[in-house]
Amino acid sequence: MGESTKNSWVIPSTLTDAVDVLKQIVSAVEAAGFRREAVFAVRLALDEALANAVKHGNAGDGSKQVMIDLDATPQRVVISIEDQGPGFVPEALPDPTADENLSRPNGRGVMLMQAYMTHVEYNDSGNRVTLTKTMDCKLPHG
């Protein structure tokens with residue numbers, strides 16, 4: 001059986017700091033015993049969530065912070081990412097697969113997170129996302 005890990009980070013709102021935490025979390029997911037495909041899925045979703053927190057949530061303001069919590073066990077991984085921005089309403093994002101939105105970048109990250117994780121949940125303010133991946137979660141099919 002794999003290792004269990006709990007950790008929390010508070011980082012400056014920069015992509016460099018976000019990548020450092022991403023690497024640590026991916027290592028913890030690997031240590032928990034998740035398959036390569038599931039580790040890829042977590043990495044992809046986490047990368048999107050962290051980029052959204054830095055770029056959109058905190059509007060690229062390096063003086064703001066991003067808070068990350070990790071709870072990884074051999075059965076499931078739960079990662080929460082919270083920024084200091086005003087939040088958003090996920091349901092209000094335009095459908096990135098609609099013809100009129102195909103050339104627009106908005107909404108693709110949220111769509112990828114939902115496709116690759118078992119469960120994605122936002123707090124009422126829309127400035128914290130919780131990503132859950134269970135060991136038995138299937139990846140999306142092309």
# chains A, B, ... in the order shown; residues from 1 in each chain; ligands from 1

$ residues_around --residues "segment 38-46 of chain A" --least-positions-apart "5" --cutoff "8 Å" --atoms "only C-alpha atoms" --output "list in words"
Leu22, Val26, Val29, Glu30, Gly109, Leu112, Met113, Tyr116, Met117, Leu131, Lys133, Met135 and Leu139 of chain A

$ write_last_selection --atoms "N, CA and C atoms" --output "mmCIF file, in the first residue's frame"
data_model
loop_
_atom_site.group_PDB
_atom_site.id
_atom_site.type_symbol
_atom_site.label_atom_id
_atom_site.label_comp_id
_atom_site.auth_asym_id
_atom_site.auth_seq_id
_atom_site.Cartn_x
_atom_site.Cartn_y
_atom_site.Cartn_z
ATOM 1 N N LEU A 22 3.112 22.253 -7.000
ATOM 2 C CA LEU A 22 2.602 21.231 -7.915
ATOM 3 C C LEU A 22 3.531 20.021 -7.906
ATOM 4 N N VAL A 26 2.450 16.252 -6.756
ATOM 5 C CA VAL A 26 2.564 15.120 -7.682
ATOM 6 C C VAL A 26 3.410 14.014 -7.052
ATOM 7 N N VAL A 29 1.227 12.168 -4.621
ATOM 8 C CA VAL A 29 0.239 11.319 -5.305
ATOM 9 C C VAL A 29 0.925 10.042 -5.804
ATOM 10 N N GLU A 30 2.130 10.185 -6.334
ATOM 11 C CA GLU A 30 2.893 9.001 -6.755
ATOM 12 C C GLU A 30 3.200 8.101 -5.561
ATOM 13 N N GLY A 109 -10.001 25.372 -18.650
ATOM 14 C CA GLY A 109 -9.379 24.808 -17.456
ATOM 15 C C GLY A 109 -10.393 24.161 -16.535
ATOM 16 N N LEU A 112 -11.502 20.928 -18.080
ATOM 17 C CA LEU A 112 -10.494 19.874 -17.916
ATOM 18 C C LEU A 112 -10.493 19.324 -16.496
ATOM 19 N N MET A 113 -10.592 20.210 -15.510
ATOM 20 C CA MET A 113 -10.626 19.745 -14.117
ATOM 21 C C MET A 113 -11.799 18.798 -13.909
ATOM 22 N N TYR A 116 -11.158 15.318 -15.653
ATOM 23 C CA TYR A 116 -10.085 14.453 -15.179
ATOM 24 C C TYR A 116 -10.145 14.097 -13.699
ATOM 25 N N MET A 117 -10.975 14.785 -12.939
ATOM 26 C CA MET A 117 -11.073 14.494 -11.513
ATOM 27 C C MET A 117 -12.374 13.749 -11.223
ATOM 28 N N LEU A 131 -10.492 19.655 -5.398
ATOM 29 C CA LEU A 131 -10.358 18.606 -6.404
ATOM 30 C C LEU A 131 -10.199 17.273 -5.698
ATOM 31 N N LYS A 133 -9.722 13.049 -6.390
ATOM 32 C CA LYS A 133 -9.455 11.951 -7.320
ATOM 33 C C LYS A 133 -9.423 10.676 -6.503
ATOM 34 N N MET A 135 -8.956 6.447 -6.307
ATOM 35 C CA MET A 135 -8.129 5.443 -6.980
ATOM 36 C C MET A 135 -8.887 4.754 -8.119
ATOM 37 N N LEU A 139 -10.483 7.647 -16.339
ATOM 38 C CA LEU A 139 -10.139 8.855 -17.093
ATOM 39 C C LEU A 139 -11.142 9.037 -18.224
#

$ residues_around --residues "Pro74 of chain A" --least-positions-apart "6" --cutoff "6 Å" --atoms "only C-alpha atoms" --output "VMD selection string"
chain A and resid 2 32 to 33

$ residues_around --residues "Arg128 of chain A" --least-positions-apart "6" --cutoff "9 Å" --atoms "only C-alpha atoms" --output "NGL selection string"
:A and (53 or 67 or 80-83 or 87 or 121-122)

$ atom_distance --atom1 "atom CA of Val21 of chain A" --atom2 "atom CA of Leu50 of chain A"
9.4 Å

$ select_by_dssp --residues "segment 58-89 of chain A" --states "strand (DSSP E or B)" --output "NGL selection string"
:A and (65-72 or 76-83)

$ select_by_dssp --residues "chain A" --states "alpha helix (DSSP H)" --output "JSON, numbers by chain"
{"A": [15, 16, 17, 18, 19, 20, 21, 22, 23, 24, 25, 26, 27, 28, 29, 30, 31, 36, 37, 38, 39, 40, 41, 42, 43, 44, 45, 46, 47, 48, 49, 50, 51, 108, 109, 110, 111, 112, 113, 114, 115, 116]}

$ write_last_selection --atoms "C-alpha atoms" --output "PDB file, in the first residue's frame"
ATOM      1  CA  LEU A  15       3.357  30.734 -11.210  1.00  0.00           C
ATOM      2  CA  THR A  16       6.913  29.868 -10.087  1.00  0.00           C
ATOM      3  CA  ASP A  17       5.780  29.236  -6.509  1.00  0.00           C
ATOM      4  CA  ALA A  18       2.727  27.344  -7.799  1.00  0.00           C
ATOM      5  CA  VAL A  19       4.936  25.011  -9.871  1.00  0.00           C
ATOM      6  CA  ASP A  20       7.052  24.220  -6.795  1.00  0.00           C
ATOM      7  CA  VAL A  21       3.939  23.118  -4.874  1.00  0.00           C
ATOM      8  CA  LEU A  22       2.602  21.231  -7.915  1.00  0.00           C
ATOM      9  CA  LYS A  23       5.791  19.128  -7.984  1.00  0.00           C
ATOM     10  CA  GLN A  24       5.500  18.321  -4.276  1.00  0.00           C
ATOM     11  CA  ILE A  25       1.855  17.296  -4.636  1.00  0.00           C
ATOM     12  CA  VAL A  26       2.564  15.120  -7.682  1.00  0.00           C
ATOM     13  CA  SER A  27       5.304  13.364  -5.694  1.00  0.00           C
ATOM     14  CA  ALA A  28       2.827  12.730  -2.866  1.00  0.00           C
ATOM     15  CA  VAL A  29       0.239  11.319  -5.305  1.00  0.00           C
ATOM     16  CA  GLU A  30       2.893   9.001  -6.755  1.00  0.00           C
ATOM     17  CA  ALA A  31       3.945   7.941  -3.240  1.00  0.00           C
ATOM     18  CA  ARG A  36       0.695   6.922 -13.948  1.00  0.00           C
ATOM     19  CA  GLU A  37      -2.503   7.903 -15.772  1.00  0.00           C
ATOM     20  CA  ALA A  38      -4.149   9.088 -12.555  1.00  0.00           C
ATOM     21  CA  VAL A  39      -1.038  11.065 -11.586  1.00  0.00           C
ATOM     22  CA  PHE A  40      -1.204  12.746 -15.005  1.00  0.00           C
ATOM     23  CA  ALA A  41      -4.863  13.613 -14.426  1.00  0.00           C
ATOM     24  CA  VAL A  42      -4.141  15.132 -11.009  1.00  0.00           C
ATOM     25  CA  ARG A  43      -1.183  17.085 -12.409  1.00  0.00           C
ATOM     26  CA  LEU A  44      -3.298  18.474 -15.266  1.00  0.00           C
ATOM     27  CA  ALA A  45      -6.215  19.503 -13.048  1.00  0.00           C
ATOM     28  CA  LEU A  46      -3.959  20.952 -10.354  1.00  0.00           C
ATOM     29  CA  ASP A  47      -1.954  22.928 -12.906  1.00  0.00           C
ATOM     30  CA  GLU A  48      -5.187  24.462 -14.217  1.00  0.00           C
ATOM     31  CA  ALA A  49      -6.496  25.232 -10.730  1.00  0.00           C
ATOM     32  CA  LEU A  50      -3.245  26.868  -9.623  1.00  0.00           C
ATOM     33  CA  ALA A  51      -2.987  28.912 -12.820  1.00  0.00           C
ATOM     34  CA  ARG A 108     -11.265  25.273 -20.732  1.00  0.00           C
ATOM     35  CA  GLY A 109      -9.379  24.808 -17.456  1.00  0.00           C
ATOM     36  CA  VAL A 110     -12.578  24.288 -15.493  1.00  0.00           C
ATOM     37  CA  MET A 111     -13.781  21.819 -18.124  1.00  0.00           C
ATOM     38  CA  LEU A 112     -10.494  19.874 -17.916  1.00  0.00           C
ATOM     39  CA  MET A 113     -10.626  19.745 -14.117  1.00  0.00           C
ATOM     40  CA  GLN A 114     -14.146  18.341 -14.255  1.00  0.00           C
ATOM     41  CA  ALA A 115     -13.186  15.793 -16.916  1.00  0.00           C
ATOM     42  CA  TYR A 116     -10.085  14.453 -15.179  1.00  0.00           C
TER      43      TYR A 116
END

$ closest_residue --among "A:Pro140, A:Asp124, A:Trp9, A:Arg35" --to "Arg76 of chain A" --atoms "only C-alpha atoms"
A:Arg35

$ closest_residue --among "A:Gln75, A:Ser13, A:Val89, A:Cys137" --to "Asn123 of chain A" --atoms "only C-alpha atoms"
A:Val89

$ atom_distance --atom1 "atom CA of Val120 of chain A" --atom2 "atom CA of Asp61 of chain A"
25.1 Å

$ closest_residue --among "A:Ile11, A:Ile68, A:Val54, A:Val77" --to "Asp136 of chain A" --atoms "only C-alpha atoms"
A:Val77

$ atom_distance --atom1 "atom CA of Asp71 of chain A" --atom2 "atom CA of Ser8 of chain A"
9.0 Å

$ decode --residues "segment 62-91 of chain A" --atoms "N, CA and C atoms" --output "PDB file, in the first residue's frame"
ATOM      1  N   GLY A  62       1.217  39.535  -7.274  1.00  0.00           N
ATOM      2  CA  GLY A  62       2.175  38.757  -6.503  1.00  0.00           C
ATOM      3  C   GLY A  62       2.175  39.058  -5.020  1.00  0.00           C
ATOM      4  N   SER A  63       1.501  40.160  -4.610  1.00  0.00           N
ATOM      5  CA  SER A  63       1.431  40.464  -3.172  1.00  0.00           C
ATOM      6  C   SER A  63       0.320  39.664  -2.483  1.00  0.00           C
ATOM      7  N   LYS A  64      -0.552  39.054  -3.284  1.00  0.00           N
ATOM      8  CA  LYS A  64      -1.609  38.202  -2.725  1.00  0.00           C
ATOM      9  C   LYS A  64      -1.071  36.787  -2.542  1.00  0.00           C
ATOM     10  N   GLN A  65      -1.857  35.954  -1.872  1.00  0.00           N
ATOM     11  CA  GLN A  65      -1.425  34.593  -1.580  1.00  0.00           C
ATOM     12  C   GLN A  65      -2.406  33.558  -2.127  1.00  0.00           C
ATOM     13  N   VAL A  66      -1.879  32.358  -2.290  1.00  0.00           N
ATOM     14  CA  VAL A  66      -2.678  31.190  -2.652  1.00  0.00           C
ATOM     15  C   VAL A  66      -2.457  30.164  -1.543  1.00  0.00           C
ATOM     16  N   MET A  67      -3.566  29.617  -1.045  1.00  0.00           N
ATOM     17  CA  MET A  67      -3.514  28.608   0.013  1.00  0.00           C
ATOM     18  C   MET A  67      -3.870  27.247  -0.592  1.00  0.00           C
ATOM     19  N   ILE A  68      -3.041  26.258  -0.301  1.00  0.00           N
ATOM     20  CA  ILE A  68      -3.241  24.921  -0.858  1.00  0.00           C
ATOM     21  C   ILE A  68      -3.217  23.909   0.287  1.00  0.00           C
ATOM     22  N   ASP A  69      -4.184  22.996   0.273  1.00  0.00           N
ATOM     23  CA  ASP A  69      -4.237  21.892   1.239  1.00  0.00           C
ATOM     24  C   ASP A  69      -4.248  20.583   0.474  1.00  0.00           C
ATOM     25  N   LEU A  70      -3.523  19.605   0.983  1.00  0.00           N
ATOM     26  CA  LEU A  70      -3.430  18.288   0.377  1.00  0.00           C
ATOM     27  C   LEU A  70      -3.724  17.217   1.412  1.00  0.00           C
ATOM     28  N   ASP A  71      -4.548  16.262   1.028  1.00  0.00           N
ATOM     29  CA  ASP A  71      -4.781  15.054   1.820  1.00  0.00           C
ATOM     30  C   ASP A  71      -4.732  13.892   0.835  1.00  0.00           C
ATOM     31  N   ALA A  72      -3.616  13.177   0.822  1.00  0.00           N
ATOM     32  CA  ALA A  72      -3.419  12.075  -0.123  1.00  0.00           C
ATOM     33  C   ALA A  72      -3.313  10.764   0.638  1.00  0.00           C
ATOM     34  N   THR A  73      -4.133   9.802   0.257  1.00  0.00           N
ATOM     35  CA  THR A  73      -4.082   8.454   0.806  1.00  0.00           C
ATOM     36  C   THR A  73      -4.037   7.486  -0.376  1.00  0.00           C
ATOM     37  N   PRO A  74      -3.787   6.215  -0.134  1.00  0.00           N
ATOM     38  CA  PRO A  74      -3.814   5.257  -1.245  1.00  0.00           C
ATOM     39  C   PRO A  74      -5.200   5.118  -1.910  1.00  0.00           C
ATOM     40  N   GLN A  75      -6.256   5.583  -1.257  1.00  0.00           N
ATOM     41  CA  GLN A  75      -7.602   5.474  -1.825  1.00  0.00           C
ATOM     42  C   GLN A  75      -8.063   6.737  -2.564  1.00  0.00           C
ATOM     43  N   ARG A  76      -7.589   7.919  -2.097  1.00  0.00           N
ATOM     44  CA  ARG A  76      -8.063   9.163  -2.708  1.00  0.00           C
ATOM     45  C   ARG A  76      -7.107  10.309  -2.424  1.00  0.00           C
ATOM     46  N   VAL A  77      -7.191  11.311  -3.294  1.00  0.00           N
ATOM     47  CA  VAL A  77      -6.421  12.543  -3.141  1.00  0.00           C
ATOM     48  C   VAL A  77      -7.421  13.690  -3.128  1.00  0.00           C
ATOM     49  N   VAL A  78      -7.299  14.571  -2.131  1.00  0.00           N
ATOM     50  CA  VAL A  78      -8.139  15.767  -2.048  1.00  0.00           C
ATOM     51  C   VAL A  78      -7.209  16.973  -1.966  1.00  0.00           C
ATOM     52  N   ILE A  79      -7.395  17.903  -2.901  1.00  0.00           N
ATOM     53  CA  ILE A  79      -6.564  19.105  -2.956  1.00  0.00           C
ATOM     54  C   ILE A  79      -7.497  20.311  -3.006  1.00  0.00           C
ATOM     55  N   SER A  80      -7.279  21.263  -2.102  1.00  0.00           N
ATOM     56  CA  SER A  80      -8.045  22.512  -2.113  1.00  0.00           C
ATOM     57  C   SER A  80      -7.101  23.661  -2.446  1.00  0.00           C
ATOM     58  N   ILE A  81      -7.540  24.536  -3.331  1.00  0.00           N
ATOM     59  CA  ILE A  81      -6.771  25.704  -3.741  1.00  0.00           C
ATOM     60  C   ILE A  81      -7.658  26.920  -3.533  1.00  0.00           C
ATOM     61  N   GLU A  82      -7.185  27.875  -2.746  1.00  0.00           N
ATOM     62  CA  GLU A  82      -7.972  29.079  -2.458  1.00  0.00           C
ATOM     63  C   GLU A  82      -7.130  30.311  -2.758  1.00  0.00           C
ATOM     64  N   ASP A  83      -7.751  31.280  -3.441  1.00  0.00           N
ATOM     65  CA  ASP A  83      -7.068  32.539  -3.714  1.00  0.00           C
ATOM     66  C   ASP A  83      -7.742  33.658  -2.929  1.00  0.00           C
ATOM     67  N   GLN A  84      -7.197  34.863  -3.021  1.00  0.00           N
ATOM     68  CA  GLN A  84      -7.732  36.008  -2.295  1.00  0.00           C
ATOM     69  C   GLN A  84      -8.572  36.907  -3.195  1.00  0.00           C
ATOM     70  N   GLY A  85      -8.979  36.391  -4.322  1.00  0.00           N
ATOM     71  CA  GLY A  85      -9.797  37.160  -5.251  1.00  0.00           C
ATOM     72  C   GLY A  85     -11.268  37.145  -4.874  1.00  0.00           C
ATOM     73  N   PRO A  86     -12.076  37.835  -5.668  1.00  0.00           N
ATOM     74  CA  PRO A  86     -13.508  37.943  -5.380  1.00  0.00           C
ATOM     75  C   PRO A  86     -14.300  36.673  -5.691  1.00  0.00           C
ATOM     76  N   GLY A  87     -13.683  35.738  -6.408  1.00  0.00           N
ATOM     77  CA  GLY A  87     -14.388  34.508  -6.769  1.00  0.00           C
ATOM     78  C   GLY A  87     -15.158  34.659  -8.066  1.00  0.00           C
ATOM     79  N   PHE A  88     -15.816  33.593  -8.453  1.00  0.00           N
ATOM     80  CA  PHE A  88     -16.610  33.579  -9.683  1.00  0.00           C
ATOM     81  C   PHE A  88     -17.697  32.525  -9.560  1.00  0.00           C
ATOM     82  N   VAL A  89     -18.588  32.524 -10.510  1.00  0.00           N
ATOM     83  CA  VAL A  89     -19.686  31.544 -10.549  1.00  0.00           C
ATOM     84  C   VAL A  89     -19.361  30.562 -11.679  1.00  0.00           C
ATOM     85  N   PRO A  90     -18.934  29.349 -11.341  1.00  0.00           N
ATOM     86  CA  PRO A  90     -18.527  28.402 -12.379  1.00  0.00           C
ATOM     87  C   PRO A  90     -19.606  28.143 -13.429  1.00  0.00           C
ATOM     88  N   GLU A  91     -20.862  28.117 -12.987  1.00  0.00           N
ATOM     89  CA  GLU A  91     -21.962  27.846 -13.920  1.00  0.00           C
ATOM     90  C   GLU A  91     -22.145  28.975 -14.933  1.00  0.00           C
TER      91      GLU A  91
END
